[in-house]
Structures are given as structure tokens and as C-alpha cells.
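Asks: Shown below is the structure under consideration.
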Amino acid sequence: SQNRSGQHEQAARSLAKATELDPQNTDAWITLATLLADARRFDEAVSAISHVTLGDREPFLQELKCEWLERIGRYADAAAVCSHLTNLRPDDKHLRMRLAELTLRSGNFAEAKGMFDQLAATAFDDRGMFLSSAAFCCEMLNDRDGALVRYAGLSENDPTGWYRRARLEESMGKYKDAAASYGMVQQYSADTDITVTVRRALCLYWDGNEKESASQLEKVLSRGYANAELWYLLGIVSFLSGNMKRASEAFLEMIHLNQSNTSVWYMKGCAEYLSGRYKEAIDSFTRMGRLGGDSGRAPSKMKWFAEEDGDMQLFNNPAPVGSASMTKPEIGDVNVGLASMQSFALSALGRYADADKNAVRVLELDPNRLDLQLLHGKCLAAQSNYRQAADVAARVIAKDPTSLAAHELYASSMMCTGHYKEAAEAWEEIIRMVPDNSPAFFGVADAWAGIGRYESAATAYTHLLETMPDDLSLIFGLAGVLFRDGKYADALTYYERAVSLSPATPAAHIGVAQCCEMLGKYAEAGEALISAEQLLPGHPGMLIALARVQSEGGNAEAAVDTYLGVLREYPEIPGIAAQVAKLCAALGRNDEAADAVALALKDSAESPDLLTLGGDVCTALGRYDEAAEYYSRVAKQMPDNAHVWFGIGHLHLIS
């Protein structure tokens, strides 16, 4: 009755009580199990049904028990029940399929393989699916050859099976076959995951088919995944396939994203030289020498990133530049090489969480891989886990104190966590190792400025300006820290320099105005603000600043006109009407002052100063009732204000 009226919990409790009173009540146990399953309490449902001995004439209850066991992850027990059902109905294909799947999930791969093989032998339409599962079982049993034999019978439209086959072929060094299998995945799937395309490109590359590898990389890049790592790989495969023009273009794109990688400049120069573009080649080699390469010599290895720049390498055993031999990943019981390359590929695609999982998995097998430790740290930083990224970088530094990438990761991560002092010390360590490292000077300047050590920040900016005297960002940076340090005259010099270099930049004129205002040069500040306003006509912030310096410089009439212009265009900006009221009152323009007071009080809280000003100007204008109202409102807020009581008394005397 409770169950039929929707009181399922009460019904379950009643049934539980019934089973306590009569443990042999089979119907009560079965009904209780069904109720618990309907409430998705499968663990309890299994426990309840286990009190009943299910006979062969009750297959429905056995199927339910099998389903509940599967739902709670007890696949071995579910397989045992399903096996009994299969004995009762040996011709039921769906039961046999379910038994095979449950056996697979329970980890009994050997038995599951035999079941899937038997299903494949008797099936027609689903043969490829069963072979795929049997092959997977072979892989789990480390029977690679057996897996390959079964994968040979895959259906064409089984992208999951083809992907497994490709990964197996790749791990066995069968790169040509793996590339073809990845091609099947691309053909029969939505191809939204470009990892497949990248892996196919790498297999083609390892197989020596650089042209097709480049074609696959072009597909990835054409879909908007234009990052430094993929451009570099495209440059390498284009170079080795003889397409020097495309190689130099790819290296140039990579350079746009990573200016300081010396090996890329060298590869670009080689491609340009071999394609007859000698002038460009000379420029590339010269640029490499300026960046602190090996005095213009070629890097000894071809890398995904250059080690001297502290980044990680993609290939474990890179081939020498110009060599026709292909790089082969490590092949063994644990394929660390392929797993690490997948980490770098995922990172290159911006899939930092997946890349991090792979990197951590590889590090569990090979904790001495510093490049993967750095990748782990960079993935953490990319996911905003800066404190953890800094800890990883510190561990790498402990093992390799000369790793620039580790120091840079530590410094940038500490900056993001607000530990500017530690970040500054890390940047300075980089500068000690590489005195010409410009990014480190930028970093140390920002760090010192962050904790108020403006003099140290100014020193770093000054050093950078010696090599880049016309860099506006450096000039603005130095002027900014000098201004914050209170050295307004020095800051003014640099802001004026910015104006001379870029007169169309409003920020330069605004900087000049701020410095002049702090130095009491209000006329010059006004002129600078007028210049800025001409570049950004009608900008309210600059007009308000102009009115302020006009007022501070004693030109109250001009200040009132400027404020009134802002008030007409931007009546919603608070505080403008109050400024107009004060200036008009000081100039004796009482009518305008009274109107401005009324407007200011309409849009803001009742300020005692503003109310008092309103009372004074209204008294002067003979508007005694309004004056009395203003004074009385002030008296309520400030009963000890003598000026207000004097004003009220004066109004009584007049009346």
C-alpha cells in the first residue's frame, strides 16, 4: 500500500522490518531489492537479492541482479551471473556479448579474448567490433602480434578500433602502418581532436615521408593552432623534404612567437642559404650571433626547443641538421618516449590539463627527466597553479642550477603569486648567468616596482634603454617608476622624450601633465592635457584633469568653463557639479553656484560642506528660504557647527 501511494522510503523500511521478522520471506526480499534499485541504491539492492536463492525459472531476477552488480562496478560477480544465464540460453547472442564485455571489464582478459574471438567467428555484421575488443584484450596480455592479427579485421567505420591499432603500430615502430591507421581515424570520425592529425604527422615523419607529414601539419595550422612548437616541426619536415621556402616561412613564424631561440635562427638561415636567398641567410646568422648562440656555429642537435633557451625538447635522439636519417622514439616495455612526445604535442595544442597528466605519468616512470618536470611546471602555470609551478621549478633548479627555463618559470610564477622579492632575486640570478637577457631585466624591473623599490626598477629600465634607446615601452616604464618614486622632474624628462618620439601617443602627453602638476607647473600641465585631448577629443577624464590644473593654477574662470563642458556632455559623472559650485562661489558667480549646488545635491549624498555653501550663496542672492533649508539640514548633521548657527541667526535678523 505504501509503495502504490508513492511512499517508497516507508515501503522499503516496512519490507526491511518484514525480512527481519521472517528472513525466509522470499517475496519480501525480492520486492525490497526492486524498490532499492528503483531508488538507485544498487549496493543495497544487491545485498537484498543475495538473500534469495534464484532458481533457473527466474531469469528475469537474475538479469536484474546482473545489471545491479554491473552498475556498482562488481564486474566479476556480474559476469558470474551472466555466465549462468548464458548456460540457460546458449543461443542468446546478446547475453554472450554482455558476458564477454563484463569479463573484459573484470580484468579477465584471457577469458574475454576467447569469448570475443568466438563471437567474431559466428558473427557477420559485428565481426569487426568483436575483433577490436579481442585485440584490446591481447594488448592487455602483452600479445602485440595477436592484437595486430585481430586488428586486421576491423570495420572501416570503427575509429576507436583504428586509433587503438594506430597506437599499437606506432609503439612497435611500424610508422607507415600507424600513419595509415590514423588516416582511417580521420576519415571515419569528426576529426575534431587534432591530436590524431599531429600523431599521424609524426608517424609520417618517422617513416621518412616528410612531404605528407608537412601536409598533415599544414592541416593543423590552417585550423588556427598556430603555435611555436608546430611551426618549428613544420619547418624541420619541410627542410628535410627539400621545401626550403616553406621551411624558412615556418621558422619565421616560430621566431615571431619565440624571438630568442638561436637554433631556429640557424635553421632559418640554412633554409634561406640553400634556396639562394643569401642576404636573408646572412641576416639570420647575424641575428643568431647577437642572441648569444655558439658564436655562429650550428647547434649540435635539432630540437623542438633549444636547450640554451631553457625549453624542452620533443625528440629524444634528434638527428644532426641536414641528416636524412629519421628520429626514432624509444621502444620498450614502457614507451616513455612516445608518452613524453604526446605530452609536448598536447601542450603545443593548449591542452595543458591533458599534457600535465601525461607528463606526470612519464615522470612516475622516469623522474630524472628534467625537461618533463619543466613541462609539468609550465602546464601548472598555464592552469593558474602558480605556487605549485614555482615549487616544481625550484626542484629543477636544485638538480640543474644553470637551467634558465627553470629560473624563468620560478620567477614568473612567484610574480603571479605576489612574491615580488623572491621573483626579483630569481630574475637577478638569470641576469648573473646571462647578462644580456633582456626579458630578465623587464622581469626584475616589474618585480622591484611591485614592492616599492623604484630605484632598483629604474636601474633595470636604464640598462635596457642603453641598448634600446627609442623603445617606448621602456621609456614609459622608467618614467612610471620615477614618478612613483617622487622624482617628478626626472620622470618629466622621459615623458617629454616619449612625446618627441611619438607625438600621437596620448599617454605621453598625460604623463607630462601629471609630472608638471606635481611640480606646480600648472600652465604646462594644462597645455599637455589640451594636446592629449586633441588626440582623444571629448575624453571626460582628460577634461576633468585639465579643469583641475586650471583651478590649481589660479585660472578659475577657465576651470569653470571646462567643468561646465563636461557637465553638459556627461551629467552622470559625480562630483563635477560640486566643483563648479565651489569655483563659481569663489568667483562671485552666485547664481551659477546656487544652481550647481542644487544639481550636485540631486545626484549625491548630502555633504555638509556643499549644504553650507548652498546656504551662503543663497543668502547672498536673497533666496532666504532656500538658504534656511540648507542651513537647517546641516544643523541636523552637525549641531555644533557655529558657522551654520550664525547663518541661521543672520537669516532671522534679516527677516
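Note on naming: chains are A, B, ... as they come in the C-alpha cells, residues start from 1 per chain, ligands start from 1 in the order shown.
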Might you pull out every residue within 9 Å of A:Ala80, with only C-alpha atoms counted and same-chain residues fewer than 6 positions away left off, and present them as number ranges by chain?

Replies: A: 66, 99, 103

Asks: Do you know which residues are at most 10 Å from A:Thr505 counting only C-alpha atoms, after dropping those on the same chain fewer than 6 positions away, and could you put them as an mmCIF file with C-alpha atoms, in the first residue's frame?

Replies:
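The result, stored in out_30.cif:
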data_model
loop_
_atom_site.group_PDB
_atom_site.id
_atom_site.type_symbol
_atom_site.label_atom_id
_atom_site.label_comp_id
_atom_site.auth_asym_id
_atom_site.auth_seq_id
_atom_site.Cartn_x
_atom_site.Cartn_y
_atom_site.Cartn_z
ATOM 1 C CA LEU A 472 58.546 53.498 -25.965
ATOM 2 C CA ALA A 498 58.230 59.897 -25.335
ATOM 3 C CA VAL A 499 56.331 62.899 -26.724
ATOM 4 C CA SER A 531 47.372 68.155 -26.587
ATOM 5 C CA ALA A 532 46.149 64.808 -25.241
ATOM 6 C CA LEU A 535 44.219 63.212 -29.822
ATOM 7 C CA LEU A 536 41.185 61.814 -27.935
#

Asks: Using Å and a single decimal, report how far atom CA of A:Thr195 sits from atom CA of A:Gly242.

Replies: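 So the two atoms, atom CA of A:Gly242 and atom CA of A:Thr195, lie 25.7 Å apart.
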
Asks: Using only C-alpha atoms, which of the listed residues (A:Thr619, A:Ser413, A:Gln514, A:Asn209) sits closest to A:His652?

Replies: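 Residue with the minimum atom-to-atom distance to A:His652: A:Thr619.
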
Asks: Work out how far atom CA of A:Tyr188 is from atom CA of A:Asn157, in Å to one decimal.

Replies: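 Calculated distance between atom CA of A:Asn157 and atom CA of A:Tyr188 is 5.5 Å.
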